[in-house]
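Presented below is the structure to which this report refers.
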Amino acid sequence: MTNEERIRAAWQGRISGCLLGKPVEMISMREGPEGLNSFLKDSGSLPLRDYVKYMDHEMLRGANKKCCLGMMDKAEADDDITYLVLALMMMEQYGLDLTTDDVARSWISLLPVGATFTAERDSYLKLIEKSNMAYQFGGPRSFDWDEINDGEYNDWIGAQIRIDMYGWVLPGKPRLAADLARRDAILSHRACAVEASAYIAALCALIPSTSSREEAVMSALELIDKESDAYEAVQIGIKNKNKPASELHDHYGDMSPVHSLNNLAVVVWAFLSFQDSFDEAIGETICCGWDTDCTGATVGGLIGLDKGFIPESWTDPWNGRVLTTIAGVGEQDLDHLVSRTCLLVDKFSTSSDLS
C-alpha cells in the first residue's frame with residue numbers, strides 16, 4: 001500500500017464518517033442513544049450502513065440536513081474537517097517546529113470565532129482579551145497557557161478532533177506525533193483531553209508501521225500518561241471489543257456527550273470491533289451515540305489509514321468537494337488536499353532521530 005493510498009483513504013474516511021454523524025449530532029446529544037436510535041429506526045436508516053435517511057426533526061436542519069442520503073453534493077463545513085485543513089496549513093508553514101504560539105496565532109488570523117465551540121470558543125476569547133495586536137504577528141506573549149485553557153470545557157473532545165494530521169504526516173514516528181498533538185491541545189485543553197489527543201495522533205502514526213490494529217492500539221497506549229483518565233478510557237475501549245455499545249454507556253453513565261473520555265473509548269471500541277467492513281464500523285460508531293460526527297470522523301480516518309481504501313458509495317456523494325470555515329480558504333478539492341499531505345509525508349520522512 002502506498003502513502004498516497006493511505007492518505008487519500010484517511011481523508012475520505014474522516015470526511016465520510018463526519019458526514020454520516022453530522023445529521024444526528026444534536027439528536028444524540030439532546031436525546032441520548034435511545035432518542036438517536038429511535039430516529040434512525042423511524043427514518044428507515046437501520047442498520048446504519050449508508051448515509052442517514054432524512055426525516056423531519058426539530059434538531060435536523062441547515063447544513064446537517066444537506067448531509068443526509070441523496071441530499072448532498074459536497075462535504076459541508078464542519079469543525080472536524082476545518083481543523084484538519086488548518087493543521088495541514090500549519091504543518092506546511094511551521095513544520096516540526098510548530099509551537100502552541102503558532103497554533104494560537106493561526107487561530108487569530110485564520111479561524112473565525114463563529115467556527116469555534118465550547119473549549120475552543122472560551123480559549124479564543126481569552127486569547128483576544130489577553131494578547132495585543134503585536135502578538136498575532138510574532139510579538140512576545142505576555143500570558144501563560146494556563147490563563148487561556150482555564151475553562152469549564154477543557155476536558156471535552158475539542159482538542160481530540162484537531163490532531164489527526166500530526167499522525168498522518170509522521171508514519172512510524174508516534175512519539176513526535178503525540179508531542180505535536182499536545183502542543184496544539186494545550187491551547188484550549190488540559191489533563192485527560194490533552195492525553196486523549198496525544199493518543200489519537202500516536203495511533204495515526206503507528207497504523208502504517210504495525211502489523212495489526214491491536215498492536216497499534218497497544219503501542220499508542222505506551223505513549224500517554226498512565227495516570228491519565230485517557231489511559232483508562234483506551235482500556236475500556238479495548239476491554240469491550242466485540243461487546244455491545246451499551247457496555248460503554250453503562251461505564252460512563254451521564255458523562256457529557258462531548259467529553260473526551262467516553263468518545264475516546266468509542267473510537268477504540270469501534271476500531272477494534274469492526275475490522276471487516278467500513279460500513280459497519282462507522283455505522284455502529286454513530287449508533288453508539290455521544291458526539292457522533294466527531295467519533296465518526298476519527299474512526300473513519302483511522303480505518304482509511306489501515307485499509308487504504310474507502311468504498312465509493314461513501315465518497316461519490318460529496319464529489320471531492322470539501323468546505324471549510326477557514327478565512328480565505330473556503331472550498332477545497334480533495335485531490336489537492338491529498339497531494340499536499342503526501343508532500344509533507346515525504347518531507348518529514350527524512351527527519352531521522354525522532355519517533
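Labels for the C-alpha cells follow display order: chains A, B, ..., residues from 1 in each chain, ligands from 1.
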
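Backbone DSSP over stretch 120-341 of chain A yields strand (DSSP E) at Arg321, Val322, Leu323, Glu331, Gln332 and Asp333 of chain A.
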
- Contact residues around A:Asn319 with only C-alpha atoms at 9 Å, ignoring same-chain residues under 6 positions, as JSON, numbers by chain: {"A": [73, 74, 75, 334]}

Next, the residues of the selection above should be written as a tab-separated table (two decimals), in the first residue's frame with C-alpha atoms.
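Result file result.tsv:
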```tsv
chain	number	residue	atom	x	y	z
A	73	ASP	CA	-23.27	17.37	-3.32
A	74	LYS	CA	-20.27	18.34	-1.19
A	75	ALA	CA	-18.82	17.87	2.27
A	334	LEU	CA	-9.84	16.51	-2.17
```

- Hey, what's within 8 Å of stretch 27-30 of chain A if we count only C-alpha atoms and toss same-chain stuff fewer than 4 positions away? As a list in words, please?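 Contacts, in chain order: Gly35, Leu36, Met59, Leu60, Pro257, Val258, Gly289, Trp290, Asp291 and Thr292 of chain A.
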
Can those selected residues be exported to a file as a PDB file, in the first residue's frame so that it contains C-alpha atoms?
```pdb
ATOM      1  CA  GLY A  35     -33.593   9.003  21.014  1.00  0.00           C
ATOM      2  CA  LEU A  36     -30.842   8.665  18.415  1.00  0.00           C
ATOM      3  CA  MET A  59     -32.819  19.260  15.580  1.00  0.00           C
ATOM      4  CA  LEU A  60     -32.062  18.251  11.985  1.00  0.00           C
ATOM      5  CA  PRO A 257     -21.847  13.524  25.324  1.00  0.00           C
ATOM      6  CA  VAL A 258     -18.967  15.718  24.166  1.00  0.00           C
ATOM      7  CA  GLY A 289     -24.132   7.918  20.199  1.00  0.00           C
ATOM      8  CA  TRP A 290     -22.466  10.723  22.144  1.00  0.00           C
ATOM      9  CA  ASP A 291     -20.525  13.025  19.744  1.00  0.00           C
ATOM     10  CA  THR A 292     -21.442  11.283  16.513  1.00  0.00           C
TER      11      THR A 292
END
```

- Mind checking which residues fall within 12 Å of A:Gly328, counting only C-alpha atoms, ignoring those fewer than 2 positions away in the same chain, and posting them as a list in words?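 Contacts, with the query itself left out: Leu86, Ser109, Leu110, Leu111, Pro112, Leu323, Thr324, Thr325, Ile326, Gly330, Glu331 and Gln332 of chain A.
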
- May I have the residues within 6 Å of A:Ile207 as a list in words, using only C-alpha atoms and disregarding those fewer than 3 positions away in the same chain?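 With the cut-off at 6 Å, the set is Cys204, Thr210 and Ala216 of chain A.
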
Selection to disk with C-alpha atoms, as a PDB file, in the first residue's frame:
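New file part36.pdb:
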```
ATOM      1  CA  CYS A 204      -2.496   7.510  13.434  1.00  0.00           C
ATOM      2  CA  THR A 210       2.350  -2.046  12.802  1.00  0.00           C
ATOM      3  CA  ALA A 216      -1.196  -0.149  17.035  1.00  0.00           C
TER       4      ALA A 216
END
```

- Query: Out of stretch 122-196 of chain A, which residues get helix (DSSP H, G or I) from DSSP, as a PyMOL selection string?
  - Reply: chain A and resi 122-130+133-136+145-148+158-161+164-168+174-185+191-196

Write out the residues from the selection above, keeping N, CA and C atoms, as a compact mmCIF listing (two decimals), in the first residue's frame.
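Final output, result-v9.txt:
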```txt
# COMPACT_ATOMS: atom_id res chain seq x y z
N ASP A 122 -14.04 29.45 24.30
CA ASP A 122 -13.55 30.05 25.54
C ASP A 122 -12.11 30.52 25.40
N SER A 123 -11.27 29.63 24.85
CA SER A 123 -9.86 29.96 24.74
C SER A 123 -9.62 31.08 23.72
N TYR A 124 -10.37 31.05 22.65
CA TYR A 124 -10.25 32.09 21.63
C TYR A 124 -10.53 33.47 22.23
N LEU A 125 -11.62 33.57 22.98
CA LEU A 125 -11.98 34.85 23.57
C LEU A 125 -10.94 35.31 24.58
N LYS A 126 -10.37 34.39 25.33
CA LYS A 126 -9.31 34.75 26.27
C LYS A 126 -8.05 35.20 25.52
N LEU A 127 -7.76 34.55 24.39
CA LEU A 127 -6.62 34.98 23.57
C LEU A 127 -6.76 36.43 23.12
N ILE A 128 -7.92 36.77 22.65
CA ILE A 128 -8.16 38.14 22.18
C ILE A 128 -8.06 39.12 23.33
N GLU A 129 -8.57 38.72 24.48
CA GLU A 129 -8.57 39.61 25.64
C GLU A 129 -7.16 39.85 26.16
N LYS A 130 -6.33 38.81 26.17
CA LYS A 130 -5.04 38.88 26.86
C LYS A 130 -3.85 39.19 25.95
N MET A 133 -2.03 43.30 19.65
CA MET A 133 -2.00 43.06 18.21
C MET A 133 -0.64 42.61 17.73
N ALA A 134 0.41 42.99 18.43
CA ALA A 134 1.75 42.57 18.03
C ALA A 134 1.91 41.05 18.15
N TYR A 135 1.25 40.46 19.13
CA TYR A 135 1.37 39.01 19.33
C TYR A 135 0.92 38.24 18.09
N GLN A 136 -0.15 38.68 17.47
CA GLN A 136 -0.66 37.99 16.28
C GLN A 136 0.39 37.88 15.19
N TRP A 145 -0.29 29.81 29.26
CA TRP A 145 -1.34 28.97 28.68
C TRP A 145 -2.40 28.58 29.70
N ASP A 146 -2.01 28.51 30.96
CA ASP A 146 -3.00 28.19 32.00
C ASP A 146 -4.08 29.26 32.10
N GLU A 147 -3.76 30.48 31.68
CA GLU A 147 -4.76 31.53 31.66
C GLU A 147 -5.73 31.36 30.49
N ILE A 148 -5.28 30.70 29.44
CA ILE A 148 -6.09 30.55 28.23
C ILE A 148 -6.94 29.29 28.28
N GLY A 158 -12.88 18.67 22.11
CA GLY A 158 -12.42 19.59 21.08
C GLY A 158 -11.00 19.37 20.59
N ALA A 159 -10.06 19.19 21.49
CA ALA A 159 -8.67 19.00 21.06
C ALA A 159 -8.47 17.68 20.34
N GLN A 160 -9.26 16.69 20.72
CA GLN A 160 -9.15 15.34 20.14
C GLN A 160 -9.50 15.32 18.65
N ILE A 161 -10.27 16.31 18.18
CA ILE A 161 -10.68 16.32 16.78
C ILE A 161 -9.76 17.18 15.91
N ASP A 164 -5.43 14.71 14.05
CA ASP A 164 -5.13 13.56 13.19
C ASP A 164 -3.96 13.83 12.25
N MET A 165 -3.91 15.03 11.71
CA MET A 165 -2.90 15.36 10.71
C MET A 165 -1.49 15.11 11.20
N TYR A 166 -1.24 15.34 12.49
CA TYR A 166 0.11 15.16 13.02
C TYR A 166 0.57 13.71 12.92
N GLY A 167 -0.37 12.79 13.07
CA GLY A 167 -0.03 11.37 12.89
C GLY A 167 0.02 10.97 11.43
N TRP A 168 -0.86 11.55 10.62
CA TRP A 168 -0.89 11.19 9.20
C TRP A 168 0.44 11.47 8.52
N PRO A 174 5.39 7.91 16.13
CA PRO A 174 4.25 8.21 17.01
C PRO A 174 4.59 9.16 18.16
N ARG A 175 5.82 9.08 18.66
CA ARG A 175 6.18 9.95 19.78
C ARG A 175 6.16 11.42 19.37
N LEU A 176 6.68 11.69 18.20
CA LEU A 176 6.68 13.06 17.69
C LEU A 176 5.26 13.50 17.37
N ALA A 177 4.46 12.63 16.79
CA ALA A 177 3.07 12.96 16.50
C ALA A 177 2.32 13.32 17.78
N ALA A 178 2.54 12.54 18.84
CA ALA A 178 1.88 12.80 20.12
C ALA A 178 2.34 14.14 20.70
N ASP A 179 3.62 14.43 20.55
CA ASP A 179 4.15 15.69 21.06
C ASP A 179 3.53 16.87 20.34
N LEU A 180 3.41 16.78 19.03
CA LEU A 180 2.77 17.86 18.27
C LEU A 180 1.31 18.02 18.68
N ALA A 181 0.63 16.92 18.91
CA ALA A 181 -0.77 16.98 19.35
C ALA A 181 -0.89 17.70 20.68
N ARG A 182 0.03 17.43 21.60
CA ARG A 182 -0.01 18.11 22.89
C ARG A 182 0.22 19.61 22.73
N ARG A 183 1.15 20.00 21.85
CA ARG A 183 1.40 21.42 21.62
C ARG A 183 0.14 22.12 21.15
N ASP A 184 -0.62 21.46 20.30
CA ASP A 184 -1.88 22.01 19.80
C ASP A 184 -2.93 22.01 20.90
N ALA A 185 -3.07 20.89 21.58
CA ALA A 185 -4.18 20.69 22.51
C ALA A 185 -4.14 21.64 23.70
N ALA A 191 -5.07 18.13 30.91
CA ALA A 191 -5.14 16.79 31.52
C ALA A 191 -5.60 15.72 30.54
N CYS A 192 -6.71 15.04 30.86
CA CYS A 192 -7.12 13.87 30.08
C CYS A 192 -7.40 14.21 28.62
N ALA A 193 -7.91 15.41 28.35
CA ALA A 193 -8.21 15.79 26.97
C ALA A 193 -6.94 15.95 26.15
N VAL A 194 -5.88 16.43 26.78
CA VAL A 194 -4.59 16.55 26.09
C VAL A 194 -4.02 15.17 25.80
N GLU A 195 -4.09 14.28 26.78
CA GLU A 195 -3.57 12.93 26.58
C GLU A 195 -4.42 12.15 25.57
N ALA A 196 -5.72 12.36 25.54
CA ALA A 196 -6.56 11.73 24.53
C ALA A 196 -6.15 12.16 23.13
```

- Item | Atomic distance atom CA of A:Asp78 - atom CA of A:Gly44, expressed in Å with one decimal |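 Interatomic distance, atom CA of A:Asp78 to atom CA of A:Gly44: 25.0 Å.
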
- Message: At a cut-off of 9 Å, using only C-alpha atoms, what residues contact A:Leu264? Leave out same-chain residues fewer than 3 positions from it and give the result as a count of residues only.
- Response: 15

- Got a sec: who's within 6 Å of stretch 4-11 of chain A, counting only C-alpha atoms, leaving out chain neighbours fewer than 2 positions off, as a PyMOL selection string? chain A and resi 2+13-14+301+304-305+308-310+338

- Query: Distance atom CA of A:Arg105-atom CA of A:Asn132, one decimal place?
  - Reply: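 About the pair atom CA of A:Arg105 and atom CA of A:Asn132: they are 11.4 Å apart.
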
- Which distance in Å separates atom CA of A:Leu19 and atom CA of A:Leu84, to one decimal?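 We find that atom CA of A:Leu19 and atom CA of A:Leu84 lie 14.5 Å from each other.
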
- Counting only C-alpha atoms, the option among A:Gln235, A:Glu247, A:Pro208, A:His336 closest to A:Asp306: A:Pro208
